[in-house]
Amino acid sequence: MAGEPQDDCLFCKIVSGDVPATIVRETETTVAFRDINPQAPTHVLVIPKAHHRDAAALAAAAPEIAADVLREAGEVAAEEKIDSTGYRIVFNTGTGAGQTVWHAHAHVLGGRGLNWPPG
């Protein structure tokens, strides 16, 4: 069920503390932690604590939590001091877009030039 922790979800296990992660921020509704395979000098994932399959499902079921994820992405950028030089927030939705963990999450990337279009 949407919003409920899933036993087979890596990010739900990070939220519960069953899987370690380098947490950089936590709120009542979100957790932000460093990506284990960073694609930029700053690469932090911001996830809702509630389980939603992807960004579209999160936005449809809990738009207020989707807003929390975006707000926290901005806070991460400020704390990481990439807000003044520029950063990217990415939601991969579906396998064709590169989503590998089926729990909505935003990638906050910065600290280097980010070319467009992304490849």
# chains A, B, ... in the order shown; residues from 1 in each chain; ligands from 1
>>> residues_around(residues="region 93-101 of chain A", least_positions_apart="3", cutoff="12 Å", atoms="only C-alpha atoms", output="list of chain:residue names")
A:Gln6, A:Asp8, A:Cys9, A:Leu10, A:Phe11, A:Cys12, A:Lys13, A:Leu45, A:Ile47, A:His51, A:His52, A:Arg53, A:Asp54, A:Ala55, A:Ala56, A:Ala57, A:Leu58, A:Val90, A:Ala104, A:His105, A:Ala106, A:His107, A:Pro118, A:Gly119
>>> select_by_dssp(residues="region 50-110 of chain A", states="helix (DSSP H, G or I)", output="PyMOL selection string")
chain A and resi 55-61+63-79+95-97
>>> write_last_selection(atoms="C-alpha atoms", output="compact mmCIF listing (two decimals), in the first residue's frame")
# COMPACT_ATOMS: atom_id res chain seq x y z
CA ALA A 55 7.96 10.72 -8.20
CA ALA A 56 4.68 10.62 -10.12
CA ALA A 57 3.07 8.33 -7.54
CA LEU A 58 4.35 10.54 -4.73
CA ALA A 59 3.00 13.71 -6.34
CA ALA A 60 -0.41 12.11 -6.95
CA ALA A 61 -0.79 10.58 -3.48
CA PRO A 63 1.73 16.42 -2.97
CA GLU A 64 2.63 18.02 0.36
CA ILE A 65 5.37 15.44 0.89
CA ALA A 66 6.56 15.92 -2.69
CA ALA A 67 6.91 19.61 -1.82
CA ASP A 68 8.85 18.66 1.32
CA VAL A 69 11.29 16.62 -0.82
CA LEU A 70 11.88 19.61 -3.11
CA ARG A 71 12.27 22.01 -0.18
CA GLU A 72 14.80 19.70 1.44
CA ALA A 73 16.70 19.40 -1.85
CA GLY A 74 17.16 23.17 -1.70
CA GLU A 75 18.27 22.98 1.94
CA VAL A 76 20.80 20.28 1.05
CA ALA A 77 22.16 22.48 -1.75
CA ALA A 78 22.55 25.39 0.69
CA GLU A 79 24.26 23.26 3.34
CA THR A 95 13.60 1.86 -15.78
CA GLY A 96 14.06 3.69 -19.08
CA ALA A 97 15.07 6.79 -17.11
>>> select_by_dssp(residues="chain A", states="strand (DSSP E)", output="number ranges by chain")
A: 23-26, 30-34, 42-48, 87-90, 106-110
>>> atom_distance(atom1="CA of Leu114 (chain A)", atom2="CA of Glu26 (chain A)")
26.3 Å
>>> closest_residue(among="A:Arg25, A:His43, A:Lys49, A:Arg34", to="Val108 (chain A)", atoms="only C-alpha atoms")
A:His43
>>> atom_distance(atom1="CA of Pro38 (chain A)", atom2="CA of Ile14 (chain A)")
17.4 Å
>>> closest_residue(among="A:Pro20, A:Gly110, A:Pro41, A:Pro48", to="Ala2 (chain A)", atoms="only C-alpha atoms")
A:Pro48
>>> atom_distance(atom1="CA of Ile36 (chain A)", atom2="CA of Thr22 (chain A)")
8.9 Å
